[in-house]
>>> print(open('my_file36.txt').read())   # compact mmCIF, C-alpha atoms
# COMPACT_ATOMS: atom_id res chain seq x y z
CA MET Y 1 143.70 113.59 115.17
CA PRO Y 2 140.80 111.15 114.67
CA LYS Y 3 139.23 110.45 111.32
CA VAL Y 4 135.58 111.39 110.83
CA CYS Y 5 133.29 109.61 108.39
CA LEU Y 6 130.04 111.50 107.78
CA TYR Y 7 127.28 109.40 106.25
CA PHE Y 8 123.72 110.58 105.50
CA GLU Y 9 120.72 108.49 104.49
CA LEU Y 10 118.23 109.94 101.99
CA HIS Y 11 114.94 108.07 101.92
CA GLN Y 12 111.24 108.76 101.56
CA PRO Y 13 108.67 105.94 101.26
CA TYR Y 14 105.66 105.84 99.01
CA ARG Y 15 102.82 106.23 101.51
CA LEU Y 16 99.69 104.18 100.93
CA GLU Y 17 96.48 105.75 99.73
CA ASP Y 18 93.43 105.51 102.00
CA ILE Y 19 91.69 102.66 100.21
CA ASN Y 20 88.38 101.20 101.38
CA ILE Y 21 87.87 97.45 101.57
CA PHE Y 22 84.98 97.82 99.12
CA ASP Y 23 87.45 99.23 96.54
CA ILE Y 24 89.23 95.89 96.22
CA GLY Y 25 89.23 94.72 92.62
CA ASN Y 26 88.57 98.20 91.18
CA LYS Y 27 91.97 98.78 89.52
CA LEU Y 28 93.39 100.70 92.44
CA ASP Y 29 96.54 102.78 92.44
CA TYR Y 30 98.05 102.22 95.87
CA PHE Y 31 100.71 104.91 95.93
CA GLU Y 32 99.86 107.65 93.47
CA ASP Y 33 98.14 110.78 94.66
CA ARG Y 34 94.34 110.62 94.68
CA GLY Y 35 93.25 113.94 96.12
CA ASP Y 36 95.47 114.85 99.06
CA GLU Y 37 98.65 114.16 97.07
CA ILE Y 38 100.39 112.99 100.22
CA ASN Y 39 103.62 111.79 98.60
CA ARG Y 40 104.18 114.98 96.62
CA VAL Y 41 103.21 117.21 99.55
CA VAL Y 42 105.53 115.45 102.00
CA PHE Y 43 108.45 115.29 99.59
CA GLN Y 44 108.24 118.95 98.62
CA LYS Y 45 107.81 120.02 102.24
CA VAL Y 46 110.98 118.18 103.26
CA THR Y 47 112.73 119.50 100.14
CA ASN Y 48 112.11 123.07 101.27
CA LYS Y 49 112.89 122.49 104.94
CA SER Y 50 115.82 120.08 104.65
CA TYR Y 51 117.08 118.84 101.29
CA VAL Y 52 117.66 122.12 99.47
CA PRO Y 53 119.08 124.19 102.34
CA MET Y 54 121.34 121.37 103.56
CA LEU Y 55 122.52 120.41 100.07
CA ASN Y 56 123.32 124.04 99.34
CA LEU Y 57 125.26 124.25 102.59
CA LEU Y 58 127.17 121.06 101.75
CA LYS Y 59 127.94 122.41 98.29
CA LYS Y 60 129.34 125.60 99.82
CA LEU Y 61 131.47 123.59 102.26
CA VAL Y 62 132.76 121.17 99.64
CA TYR Y 63 134.04 123.97 97.45
CA GLU Y 64 135.33 126.08 100.35
CA TYR Y 65 137.18 123.24 102.10
CA PRO Y 66 138.89 120.81 99.69
CA ASP Y 67 139.58 118.34 102.53
CA PHE Y 68 135.93 118.16 103.58
CA LYS Y 69 134.27 114.92 102.48
CA PHE Y 70 131.03 113.15 103.18
CA THR Y 71 129.02 110.13 102.04
CA PHE Y 72 125.37 109.51 101.30
CA SER Y 73 123.06 106.83 100.04
CA ALA Y 74 119.64 107.42 98.52
CA SER Y 75 117.05 104.70 98.11
CA GLY Y 76 115.76 104.10 94.61
CA ILE Y 77 112.28 105.24 95.60
CA PHE Y 78 113.75 108.45 97.04
CA LEU Y 79 115.47 109.15 93.73
CA GLU Y 80 112.26 108.36 91.81
CA GLN Y 81 110.32 110.89 93.85
CA ALA Y 82 113.07 113.50 93.65
CA LEU Y 83 113.09 113.23 89.86
CA ARG Y 84 109.31 113.60 89.81
CA TYR Y 85 108.59 116.13 92.56
CA SER Y 86 111.84 118.06 93.19
CA PRO Y 87 114.42 117.82 90.37
CA ILE Y 88 116.51 120.49 92.11
CA VAL Y 89 117.45 117.83 94.68
CA ILE Y 90 118.90 115.64 91.93
CA ASP Y 91 120.77 118.59 90.41
CA LEU Y 92 122.35 119.47 93.76
CA LEU Y 93 123.32 115.87 94.48
CA LYS Y 94 124.88 115.54 91.03
CA SER Y 95 126.95 118.68 91.53
CA LEU Y 96 128.19 117.36 94.87
CA VAL Y 97 129.17 113.96 93.44
CA LYS Y 98 130.93 115.72 90.58
CA SER Y 99 133.17 117.51 93.11
CA GLY Y 100 135.02 114.26 93.81
CA GLN Y 101 134.67 114.78 97.57
CA VAL Y 102 131.35 112.96 97.95
CA GLU Y 103 130.80 109.21 97.87
CA VAL Y 104 127.55 107.43 96.97
CA LEU Y 105 126.80 104.10 98.66
CA ALA Y 106 124.77 101.14 97.46
CA GLU Y 107 121.63 99.93 99.18
CA THR Y 108 118.39 98.11 98.33
CA TYR Y 109 116.34 99.99 95.75
CA HIS Y 110 113.12 99.78 97.74
CA HIS Y 111 114.65 100.25 101.20
CA SER Y 112 113.41 96.77 102.00
CA LEU Y 113 113.97 93.97 104.49
CA ALA Y 114 114.75 91.54 101.66
CA ALA Y 115 118.11 90.60 103.21
CA LEU Y 116 116.12 88.86 105.96
CA TYR Y 117 113.67 87.05 103.70
CA SER Y 118 114.89 86.51 100.14
CA LYS Y 119 118.47 86.32 98.89
CA SER Y 120 117.35 86.53 95.26
CA GLU Y 121 115.15 89.58 95.85
CA PHE Y 122 117.93 91.22 97.86
CA GLU Y 123 120.35 90.78 94.95
CA ILE Y 124 117.83 92.06 92.38
CA GLN Y 125 117.12 95.22 94.38
CA ILE Y 126 120.85 95.89 94.83
CA LYS Y 127 121.44 95.60 91.08
CA GLU Y 128 118.47 97.85 90.29
CA HIS Y 129 119.81 100.44 92.71
CA GLU Y 130 123.30 100.26 91.23
CA GLU Y 131 121.91 100.83 87.76
CA LEU Y 132 119.91 103.90 88.83
CA VAL Y 133 122.88 105.40 90.71
CA LYS Y 134 125.10 104.89 87.67
CA GLU Y 135 122.46 106.42 85.38
CA ILE Y 136 121.99 109.52 87.54
CA PHE Y 137 125.45 110.11 89.02
CA GLY Y 138 127.76 108.25 86.66
CA VAL Y 139 129.37 106.21 89.45
CA VAL Y 140 129.21 102.58 90.59
CA PRO Y 141 129.10 102.21 94.40
CA LYS Y 142 131.87 100.16 95.99
CA VAL Y 143 130.50 100.14 99.54
CA PHE Y 144 127.13 98.87 100.75
CA ARG Y 145 124.81 99.93 103.54
CA ASN Y 146 121.76 97.85 104.24
CA THR Y 147 118.32 99.24 105.06
CA GLU Y 148 118.40 100.82 108.54
CA LEU Y 149 121.96 99.47 108.95
CA ILE Y 150 120.45 96.00 109.46
CA TYR Y 151 123.32 93.55 109.75
CA SER Y 152 124.22 90.02 110.79
CA ASN Y 153 126.90 87.49 109.90
CA ASP Y 154 124.63 86.03 107.22
CA ILE Y 155 123.87 89.44 105.70
CA ALA Y 156 127.58 90.32 105.71
CA GLN Y 157 128.24 87.21 103.62
CA LEU Y 158 125.53 88.23 101.13
CA VAL Y 159 127.15 91.67 100.83
CA GLU Y 160 130.61 90.18 100.37
CA ASP Y 161 129.28 87.82 97.70
CA GLN Y 162 128.05 90.86 95.74
CA GLY Y 163 131.61 92.16 95.48
CA TYR Y 164 131.46 95.17 97.81
CA ILE Y 165 134.69 96.11 99.56
CA GLY Y 166 133.01 96.93 102.86
CA THR Y 167 129.79 97.84 104.63
CA LEU Y 168 128.45 100.09 107.39
CA THR Y 169 126.48 99.01 110.43
CA GLU Y 170 125.69 99.82 114.05
CA ALA Y 171 128.03 99.32 117.01
CA VAL Y 172 125.98 97.29 119.47
CA ASP Y 173 127.41 96.83 122.95
CA ARG Y 174 126.28 93.22 123.34
CA TYR Y 175 128.47 92.25 120.37
CA LEU Y 176 131.36 94.65 120.96
CA ASP Y 177 132.62 92.79 124.05
CA ASN Y 178 134.04 96.00 125.53
CA ARG Y 179 136.01 96.78 122.38
CA SER Y 180 136.16 100.31 121.01
CA ARG Y 181 133.56 101.23 118.40
CA THR Y 182 136.07 103.61 116.79
CA GLN Y 183 138.35 100.85 115.49
CA MET Y 184 138.01 98.98 112.23
CA PHE Y 185 136.39 95.55 112.30
CA VAL Y 186 135.79 92.71 109.87
CA GLY Y 187 132.70 90.58 109.51
CA LYS Y 188 132.54 86.87 110.19
CA THR Y 189 132.63 86.05 106.48
CA LYS Y 190 134.79 83.94 104.17
CA ASN Y 191 137.06 86.84 103.22
CA LYS Y 192 136.58 88.99 106.33
CA LEU Y 193 134.50 91.87 104.94
CA PRO Y 194 135.75 95.20 106.42
CA LEU Y 195 133.25 97.13 108.55
CA MET Y 196 132.80 100.66 109.85
CA LEU Y 197 130.60 100.99 112.95
CA LYS Y 198 128.42 103.94 113.79
CA HIS Y 199 129.31 106.00 116.85
CA ALA Y 200 125.78 106.16 118.24
CA GLN Y 201 126.49 108.58 121.07
CA LEU Y 202 128.09 111.31 118.96
CA SER Y 203 125.70 110.74 116.04
CA ASP Y 204 122.58 110.91 118.17
CA ASP Y 205 123.82 113.99 120.03
CA VAL Y 206 123.16 115.79 116.75
CA ALA Y 207 120.36 113.71 115.23
CA PHE Y 208 118.12 113.41 118.30
CA ARG Y 209 119.38 115.43 121.26
CA PHE Y 210 120.50 118.67 119.62
CA SER Y 211 117.30 120.63 120.42
CA ASP Y 212 116.33 118.74 123.58
CA LYS Y 213 116.37 121.36 126.34
CA SER Y 214 116.08 118.64 129.00
CA TRP Y 215 119.39 117.11 127.87
CA LYS Y 216 122.09 117.85 130.42
CA MET Y 217 124.52 118.83 127.65
CA TYR Y 218 122.11 121.33 126.05
CA PRO Y 219 122.94 123.56 124.27
CA LEU Y 220 125.42 121.65 122.12
CA MET Y 221 128.13 124.04 120.98
CA VAL Y 222 130.72 123.11 118.36
CA GLU Y 223 133.61 123.72 120.76
CA LYS Y 224 132.09 121.30 123.26
CA TYR Y 225 131.34 118.74 120.56
CA LEU Y 226 134.86 118.82 119.13
CA ASP Y 227 136.31 118.66 122.61
CA TRP Y 228 134.73 115.21 122.97
CA PHE Y 229 136.64 114.16 119.82
CA ARG Y 230 139.98 114.95 121.44
CA SER Y 231 139.97 111.75 123.46
CA TYR Y 232 140.44 109.84 120.21
CA GLY Y 233 143.68 109.36 118.29
CA GLU Y 234 144.81 109.14 114.70
CA ASN Y 235 143.86 105.46 114.44
CA ASP Y 236 140.28 106.07 115.55
CA TYR Y 237 137.30 106.41 113.19
CA ILE Y 238 134.41 108.50 114.48
CA ASN Y 239 131.57 107.41 112.23
CA LEU Y 240 128.69 109.88 112.31
CA PHE Y 241 125.77 108.19 110.58
CA MET Y 242 122.35 109.87 110.52
CA ASP Y 243 119.24 110.63 108.47
CA PHE Y 244 119.73 113.54 106.09
CA GLU Y 245 116.44 114.96 107.38
CA THR Y 246 118.19 115.61 110.70
CA PHE Y 247 119.00 118.98 109.19
CA GLY Y 248 115.89 121.11 108.87
CA GLU Y 249 113.19 118.48 109.39
CA HIS Y 250 113.95 116.57 112.60
CA GLN Y 251 115.97 119.51 113.92
CA TRP Y 252 114.26 122.64 112.61
CA LYS Y 253 116.13 125.59 111.20
CA ASP Y 254 115.39 127.75 114.25
CA THR Y 255 117.31 125.32 116.49
CA GLY Y 256 120.52 126.54 114.85
CA ILE Y 257 121.31 123.13 113.32
CA PHE Y 258 122.60 124.57 110.03
CA GLU Y 259 124.86 127.07 111.77
CA PHE Y 260 126.12 124.27 114.03
CA PHE Y 261 127.06 122.07 111.08
CA LEU Y 262 128.72 124.94 109.21
CA GLU Y 263 130.84 125.79 112.25
CA PHE Y 264 131.62 122.11 112.88
CA VAL Y 265 133.11 121.69 109.42
CA LYS Y 266 134.85 125.07 109.55
CA GLN Y 267 136.54 124.46 112.88
CA SER Y 268 137.38 120.85 112.03
CA SER Y 269 139.05 121.93 108.80
CA GLU Y 270 140.77 125.11 109.91
CA ASN Y 271 142.07 123.76 113.22
CA ASP Y 272 143.09 120.36 111.86
CA SER Y 273 141.22 118.76 114.75
CA THR Y 274 139.81 115.98 112.56
CA GLU Y 275 140.37 114.40 109.17
CA PHE Y 276 137.31 113.73 107.01
CA VAL Y 277 137.28 110.39 105.20
CA THR Y 278 134.92 108.35 103.04
CA PRO Y 279 134.27 104.61 103.45
CA THR Y 280 135.89 103.64 100.15
CA GLU Y 281 139.19 105.36 100.88
CA VAL Y 282 139.27 103.61 104.27
CA PHE Y 283 138.26 100.18 102.98
CA GLN Y 284 140.67 100.34 100.06
CA LYS Y 285 143.54 100.18 102.53
CA TYR Y 286 142.42 96.64 103.26
CA GLN Y 287 142.34 95.59 99.62
CA LYS Y 288 145.40 94.19 97.89
CA PRO Y 289 145.53 93.40 94.18
CA PHE Y 290 145.67 89.70 93.39
CA LEU Y 291 145.19 88.68 97.03
CA LYS Y 292 141.82 87.56 98.37
CA LEU Y 293 142.84 88.27 101.95
CA SER Y 294 145.30 90.94 103.02
CA LEU Y 295 147.53 90.77 106.07
CA ASP Y 296 146.05 94.05 107.31
CA ARG Y 297 142.59 92.57 107.22
CA ASP Y 298 143.80 89.52 109.13
CA SER Y 299 144.88 91.74 111.99
CA LEU Y 300 141.43 93.34 112.46
CA PRO Y 301 139.05 92.10 115.18
CA VAL Y 302 135.96 90.14 114.10
CA TYR Y 303 132.53 91.66 114.76
CA ASP Y 304 130.52 88.49 115.35
CA VAL Y 305 126.78 89.25 115.03
CA PRO Y 306 124.73 86.02 114.96
CA GLU Y 307 121.36 87.79 115.33
CA PRO Y 308 120.37 90.83 113.20
CA ILE Y 309 120.98 94.32 114.54
CA SER Y 310 119.99 97.78 113.29
CA TRP Y 311 120.44 101.45 114.17
CA ALA Y 312 116.84 101.80 115.37
CA ASP Y 313 115.60 102.51 118.87
CA VAL Y 314 117.36 101.79 122.16
CA ASP Y 315 117.39 98.05 121.47
CA ARG Y 316 119.32 98.27 118.17
CA ASP Y 317 117.49 95.18 116.93
CA LEU Y 318 114.64 94.39 114.52
CA THR Y 319 111.72 95.09 116.86
CA ALA Y 320 110.92 98.37 115.12
CA TRP Y 321 109.75 96.30 112.12
CA ARG Y 322 109.30 92.79 113.44
CA ASP Y 323 107.86 92.63 116.93
CA ASN Y 324 104.07 92.17 116.89
CA ASP Y 325 101.52 90.04 115.04
CA PHE Y 326 100.68 92.87 112.62
CA GLN Y 327 104.28 93.01 111.44
CA TYR Y 328 105.00 89.27 111.38
CA ASP Y 329 101.76 88.61 109.50
CA THR Y 330 102.28 91.18 106.75
CA LEU Y 331 105.99 90.42 106.32
CA ARG Y 332 105.29 86.72 105.92
CA LEU Y 333 102.51 87.36 103.42
CA ILE Y 334 104.41 89.85 101.24
CA TYR Y 335 107.48 87.64 100.85
CA ASP Y 336 105.43 84.45 100.41
CA LEU Y 337 104.07 86.07 97.24
CA GLU Y 338 107.49 86.33 95.58
CA LYS Y 339 107.24 83.40 93.17
CA ASP Y 340 103.62 84.04 92.20
CA VAL Y 341 104.27 87.75 91.66
CA LEU Y 342 107.31 87.20 89.48
CA ASP Y 343 105.53 84.48 87.52
CA THR Y 344 102.90 87.01 86.41
CA LYS Y 345 105.61 88.91 84.47
CA ASN Y 346 103.29 91.90 84.94
CA GLN Y 347 105.61 94.84 85.58
CA GLU Y 348 102.97 96.91 87.39
CA ILE Y 349 102.21 94.08 89.82
CA ILE Y 350 105.93 93.48 90.39
CA ARG Y 351 106.52 97.20 90.94
CA ASP Y 352 103.70 97.44 93.49
CA TRP Y 353 104.86 94.27 95.26
CA ARG Y 354 108.34 95.73 95.65
CA ARG Y 355 107.04 99.08 96.89
CA LEU Y 356 105.07 97.16 99.51
CA GLN Y 357 108.36 95.74 100.80
CA THR Y 358 109.61 99.17 101.93
CA SER Y 359 110.51 98.92 105.61
CA ASP Y 360 108.49 102.01 106.58
CA HIS Y 361 105.19 100.16 106.10
CA PHE Y 362 106.11 97.77 108.91
CA TYR Y 363 107.65 100.51 111.05
CA TYR Y 364 104.28 102.28 111.06
CA MET Y 365 102.74 99.12 112.57
CA CYS Y 366 105.11 99.18 115.55
CA THR Y 367 103.44 99.17 118.96
CA LYS Y 368 106.57 99.76 121.05
CA TRP Y 369 106.27 102.56 123.58
CA PHE Y 370 108.40 103.97 126.37
CA GLU Y 371 111.65 105.49 125.02
CA ASP Y 372 110.82 104.78 121.40
CA GLY Y 373 107.08 105.37 121.21
CA ASP Y 374 107.16 109.10 120.47
CA VAL Y 375 109.72 108.56 117.72
CA HIS Y 376 107.52 105.99 115.97
CA ALA Y 377 104.46 108.24 116.24
CA TYR Y 378 106.40 111.21 114.84
CA PHE Y 379 107.34 109.37 111.65
CA SER Y 380 103.99 107.68 111.00
CA PRO Y 381 101.39 109.27 108.70
CA TYR Y 382 98.68 107.16 110.38
CA LYS Y 383 96.70 107.69 113.56
CA SER Y 384 97.66 104.31 114.97
CA PRO Y 385 99.59 101.10 114.21
CA TYR Y 386 96.21 99.43 113.68
CA GLU Y 387 95.33 101.89 110.90
CA ALA Y 388 98.71 101.22 109.26
CA TYR Y 389 98.05 97.46 109.41
CA THR Y 390 94.49 97.79 108.11
CA ARG Y 391 95.47 99.97 105.17
CA TYR Y 392 98.35 97.68 104.24
CA SER Y 393 96.18 94.55 104.53
CA ILE Y 394 93.54 95.97 102.19
CA VAL Y 395 96.17 96.82 99.59
CA LEU Y 396 97.73 93.39 99.97
CA ALA Y 397 94.36 91.73 99.45
CA ASP Y 398 93.85 93.74 96.26
CA LEU Y 399 97.32 92.81 95.00
CA ARG Y 400 96.58 89.13 95.49
CA GLU Y 401 93.29 89.47 93.62
CA ARG Y 402 95.08 91.11 90.67
CA MET Y 403 97.29 88.02 90.38
CA ILE Y 404 94.38 85.65 89.85
>>> encode(input="my_file36.txt", output="structure tokens")
Amino acid sequence: MPKVCLYFELHQPYRLEDINIFDIGNKLDYFEDRGDEINRVVFQKVTNKSYVPMLNLLKKLVYEYPDFKFTFSASGIFLEQALRYSPIVIDLLKSLVKSGQVEVLAETYHHSLAALYSKSEFEIQIKEHEELVKEIFGVVPKVFRNTELIYSNDIAQLVEDQGYIGTLTEAVDRYLDNRSRTQMFVGKTKNKLPLMLKHAQLSDDVAFRFSDKSWKMYPLMVEKYLDWFRSYGENDYINLFMDFETFGEHQWKDTGIFEFFLEFVKQSSENDSTEFVTPTEVFQKYQKPFLKLSLDRDSLPVYDVPEPISWADVDRDLTAWRDNDFQYDTLRLIYDLEKDVLDTKNQEIIRDWRRLQTSDHFYYMCTKWFEDGDVHAYFSPYKSPYEAYTRYSIVLADLRERMI
């Protein structure tokens, strides 16, 4: 029977306030609620629709099926907002971690693109995230996942240098060279960092296609879904990576998504059709005390990714965040400020600068259409990419003025 690794991402950005250009220099608060309370409203809405019902379901499954395991990561700014707006989310996550069947992964605190622009900032955000995870959950993550599964050979080396025993990323056909995405790989790094690759087809069948009545496989029943797993053997890893909000927010309750997941775990566990695993227990097999490089790791194929990839859109590249002049302009400007911002030693300025690095700000500026356009529009709180760029540019101008 194949092994199944379930990984969920928990993330909510701080959305920018609607600030007028004439407000620049007036001691603005870019992210806190000033009337419409957008961050609180969105977070609590998703809490009620997704986080609480799904976490309660996972808690039930963890205690009912001792062999059921799953993994999650939560950005630092998600955890901040949960503590402030919905403490019940933190309580439920803590109870799940305490079960011993749930793994927490490391990521960048601000869900940023720092790995592409600043090694030092990347390392700082990882350490800040580690500290918060340890403070809340009492664990230190051993495995890393980068923002949006963004990965390249260079990023893999940065992750390895931070001491992680493995990382997760996307399986992209142009770099797979016809090899199976369900096998273990290593990165092109000094010590061959172990990798687990997302199974996009089976993940997206749930995350995106589950309620699509035009999909030729609709409706997706658990029996049909598990039948697709039967073509894989005991040495295969079916890695189902998706946003946590898949359950209840992207796929609403009335689609039957919660019942589907409950039955999926139940049938998987009771029929021994799959074995649930976590990244650490898999990666630990490729670690040997006192040896920098194990023989097992030597035998694994190398996933050579010279140009960055991600799990976004049909292209699986960076064009969701870095494709047009709006995005290139703002990304260049925000990271060019690094030295000047840090030199201020002003913690409020540094905090705001880091919140402005969150990848969502640049995602909202995306002008891609066709297969991906509706997805980008669904996630954006703005009427257009131009509005997202304008709002961000005004805030950036104010931040620069505060540094003078």
>>> residues_around(input="my_file36.txt", residues="Asp296 (chain Y)", least_positions_apart="5", cutoff="9 Å", atoms="all atoms listed in the file", output="VMD selection string")
chain Y and resid 285 to 287
>>> closest_residue(input="my_file36.txt", among="Y:Trp215, Y:Glu148, Y:Leu262, Y:Phe185", to="Lys60 (chain Y)", atoms="only C-alpha atoms")
Y:Leu262
>>> atom_distance(input="my_file36.txt", atom1="CA of His361 (chain Y)", atom2="CA of Ile404 (chain Y)")
24.3 Å
>>> atom_distance(input="my_file36.txt", atom1="CA of Thr71 (chain Y)", atom2="CA of Arg145 (chain Y)")
11.1 Å
>>> residues_around(input="my_file36.txt", residues="Gln162 (chain Y)", least_positions_apart="2", cutoff="12 Å", atoms="all atoms listed in the file", output="list in words")
Ala106, Glu107, Lys119, Ser120, Phe122, Glu123, Ile124, Gln125, Ile126, Lys127, Glu130, Pro141, Lys142, Val143, Phe144, Ile155, Ala156, Gln157, Leu158, Val159, Glu160, Tyr164, Ile165, Gly166, Thr167 and Leu193 of chain Y
>>> write_last_selection(input="my_file36.txt", atoms="C-alpha atoms", output="PDB file, in the frame of the given file")
ATOM      1  CA  ALA Y 106     124.770 101.140  97.460  1.00  0.00           C
ATOM      2  CA  GLU Y 107     121.630  99.930  99.180  1.00  0.00           C
ATOM      3  CA  LYS Y 119     118.470  86.320  98.890  1.00  0.00           C
ATOM      4  CA  SER Y 120     117.350  86.530  95.260  1.00  0.00           C
ATOM      5  CA  PHE Y 122     117.930  91.220  97.860  1.00  0.00           C
ATOM      6  CA  GLU Y 123     120.350  90.780  94.950  1.00  0.00           C
ATOM      7  CA  ILE Y 124     117.830  92.060  92.380  1.00  0.00           C
ATOM      8  CA  GLN Y 125     117.120  95.220  94.380  1.00  0.00           C
ATOM      9  CA  ILE Y 126     120.850  95.890  94.830  1.00  0.00           C
ATOM     10  CA  LYS Y 127     121.440  95.600  91.080  1.00  0.00           C
ATOM     11  CA  GLU Y 130     123.300 100.260  91.230  1.00  0.00           C
ATOM     12  CA  PRO Y 141     129.100 102.210  94.400  1.00  0.00           C
ATOM     13  CA  LYS Y 142     131.870 100.160  95.990  1.00  0.00           C
ATOM     14  CA  VAL Y 143     130.500 100.140  99.540  1.00  0.00           C
ATOM     15  CA  PHE Y 144     127.130  98.870 100.750  1.00  0.00           C
ATOM     16  CA  ILE Y 155     123.870  89.440 105.700  1.00  0.00           C
ATOM     17  CA  ALA Y 156     127.580  90.320 105.710  1.00  0.00           C
ATOM     18  CA  GLN Y 157     128.240  87.210 103.620  1.00  0.00           C
ATOM     19  CA  LEU Y 158     125.530  88.230 101.130  1.00  0.00           C
ATOM     20  CA  VAL Y 159     127.150  91.670 100.830  1.00  0.00           C
ATOM     21  CA  GLU Y 160     130.610  90.180 100.370  1.00  0.00           C
ATOM     22  CA  TYR Y 164     131.460  95.170  97.810  1.00  0.00           C
ATOM     23  CA  ILE Y 165     134.690  96.110  99.560  1.00  0.00           C
ATOM     24  CA  GLY Y 166     133.010  96.930 102.860  1.00  0.00           C
ATOM     25  CA  THR Y 167     129.790  97.840 104.630  1.00  0.00           C
ATOM     26  CA  LEU Y 193     134.500  91.870 104.940  1.00  0.00           C
TER      27      LEU Y 193
END
>>> atom_distance(input="my_file36.txt", atom1="CA of Leu10 (chain Y)", atom2="CA of Gly100 (chain Y)")
19.2 Å
>>> closest_residue(input="my_file36.txt", among="Y:Glu128, Y:Glu103, Y:Glu348, Y:Asp398", to="Lys69 (chain Y)", atoms="only C-alpha atoms")
Y:Glu103
>>> residues_around(input="my_file36.txt", residues="Ala312 (chain Y)", least_positions_apart="2", cutoff="10 Å", atoms="only C-alpha atoms", output="number ranges by chain")
Y: 148-150, 170, 309-310, 314-321, 372
>>> closest_residue(input="my_file36.txt", among="Y:Pro306, Y:Phe68, Y:Phe31, Y:Lys192", to="Phe264 (chain Y)", atoms="only C-alpha atoms")
Y:Phe68
>>> residues_around(input="my_file36.txt", residues="Ser273 (chain Y)", least_positions_apart="2", cutoff="12 Å", atoms="all atoms listed in the file", output="list in words")
Met1, Pro2, Lys3, Val4, Val222, Glu223, Tyr225, Leu226, Asp227, Trp228, Phe229, Arg230, Ser231, Tyr232, Gly233, Glu234, Phe264, Val265, Lys266, Gln267, Ser268, Ser269, Glu270, Asn271, Glu275 and Phe276 of chain Y
>>> residues_around(input="my_file36.txt", residues="region 378-390 of chain Y", least_positions_apart="4", cutoff="12 Å", atoms="all atoms listed in the file", output="ChimeraX atom specification")
/Y:12-21,38-39,42,245,249-250,320-321,324-331,360-369,372-374,394-397
>>> closest_atom_pairs(input="my_file36.txt", of="region 28-88 of chain Y", to="region 351-359 of chain Y", cutoff="10 Å", atoms="all atoms listed in the file", output="JSON lines")
{"residue": "Y:Asp29", "atom": "CA", "partner": "Y:Asp352", "partner_atom": "CA", "distance": 9.0}
{"residue": "Y:Tyr30", "atom": "CA", "partner": "Y:Asp352", "partner_atom": "CA", "distance": 7.8}
{"residue": "Y:Phe31", "atom": "CA", "partner": "Y:Asp352", "partner_atom": "CA", "distance": 8.4}
{"residue": "Y:Ile77", "atom": "CA", "partner": "Y:Arg355", "partner_atom": "CA", "distance": 8.2}
>>> build_atoms(input="my_file36.txt", residues="region 339-351 of chain Y", atoms="N, CA and C atoms", output="mmCIF file, in the coordinates of the input")
data_model
loop_
_atom_site.group_PDB
_atom_site.id
_atom_site.type_symbol
_atom_site.label_atom_id
_atom_site.label_comp_id
_atom_site.auth_asym_id
_atom_site.auth_seq_id
_atom_site.Cartn_x
_atom_site.Cartn_y
_atom_site.Cartn_z
ATOM 1 N N LYS Y 339 107.281 84.222 94.381
ATOM 2 C CA LYS Y 339 107.240 83.400 93.170
ATOM 3 C C LYS Y 339 106.015 83.709 92.323
ATOM 4 N N ASP Y 340 104.856 83.791 92.948
ATOM 5 C CA ASP Y 340 103.620 84.040 92.200
ATOM 6 C C ASP Y 340 103.645 85.424 91.536
ATOM 7 N N VAL Y 341 104.178 86.407 92.238
ATOM 8 C CA VAL Y 341 104.270 87.750 91.660
ATOM 9 C C VAL Y 341 105.180 87.759 90.445
ATOM 10 N N LEU Y 342 106.351 87.191 90.587
ATOM 11 C CA LEU Y 342 107.310 87.200 89.480
ATOM 12 C C LEU Y 342 106.823 86.375 88.302
ATOM 13 N N ASP Y 343 106.072 85.328 88.598
ATOM 14 C CA ASP Y 343 105.530 84.480 87.520
ATOM 15 C C ASP Y 343 104.503 85.209 86.671
ATOM 16 N N THR Y 344 103.882 86.257 87.204
ATOM 17 C CA THR Y 344 102.900 87.010 86.410
ATOM 18 C C THR Y 344 103.566 87.755 85.255
ATOM 19 N N LYS Y 345 104.851 88.105 85.444
ATOM 20 C CA LYS Y 345 105.610 88.910 84.470
ATOM 21 C C LYS Y 345 104.915 90.254 84.178
ATOM 22 N N ASN Y 346 103.991 90.623 85.044
ATOM 23 C CA ASN Y 346 103.290 91.900 84.940
ATOM 24 C C ASN Y 346 104.109 92.954 85.694
ATOM 25 N N GLN Y 347 104.684 93.895 84.975
ATOM 26 C CA GLN Y 347 105.610 94.840 85.580
ATOM 27 C C GLN Y 347 104.937 95.760 86.604
ATOM 28 N N GLU Y 348 103.665 96.069 86.415
ATOM 29 C CA GLU Y 348 102.970 96.910 87.390
ATOM 30 C C GLU Y 348 102.754 96.170 88.702
ATOM 31 N N ILE Y 349 102.397 94.889 88.612
ATOM 32 C CA ILE Y 349 102.210 94.080 89.820
ATOM 33 C C ILE Y 349 103.540 93.919 90.547
ATOM 34 N N ILE Y 350 104.603 93.645 89.793
ATOM 35 C CA ILE Y 350 105.930 93.480 90.390
ATOM 36 C C ILE Y 350 106.391 94.778 91.050
ATOM 37 N N ARG Y 351 106.141 95.904 90.374
ATOM 38 C CA ARG Y 351 106.520 97.200 90.940
ATOM 39 C C ARG Y 351 105.793 97.446 92.253
#
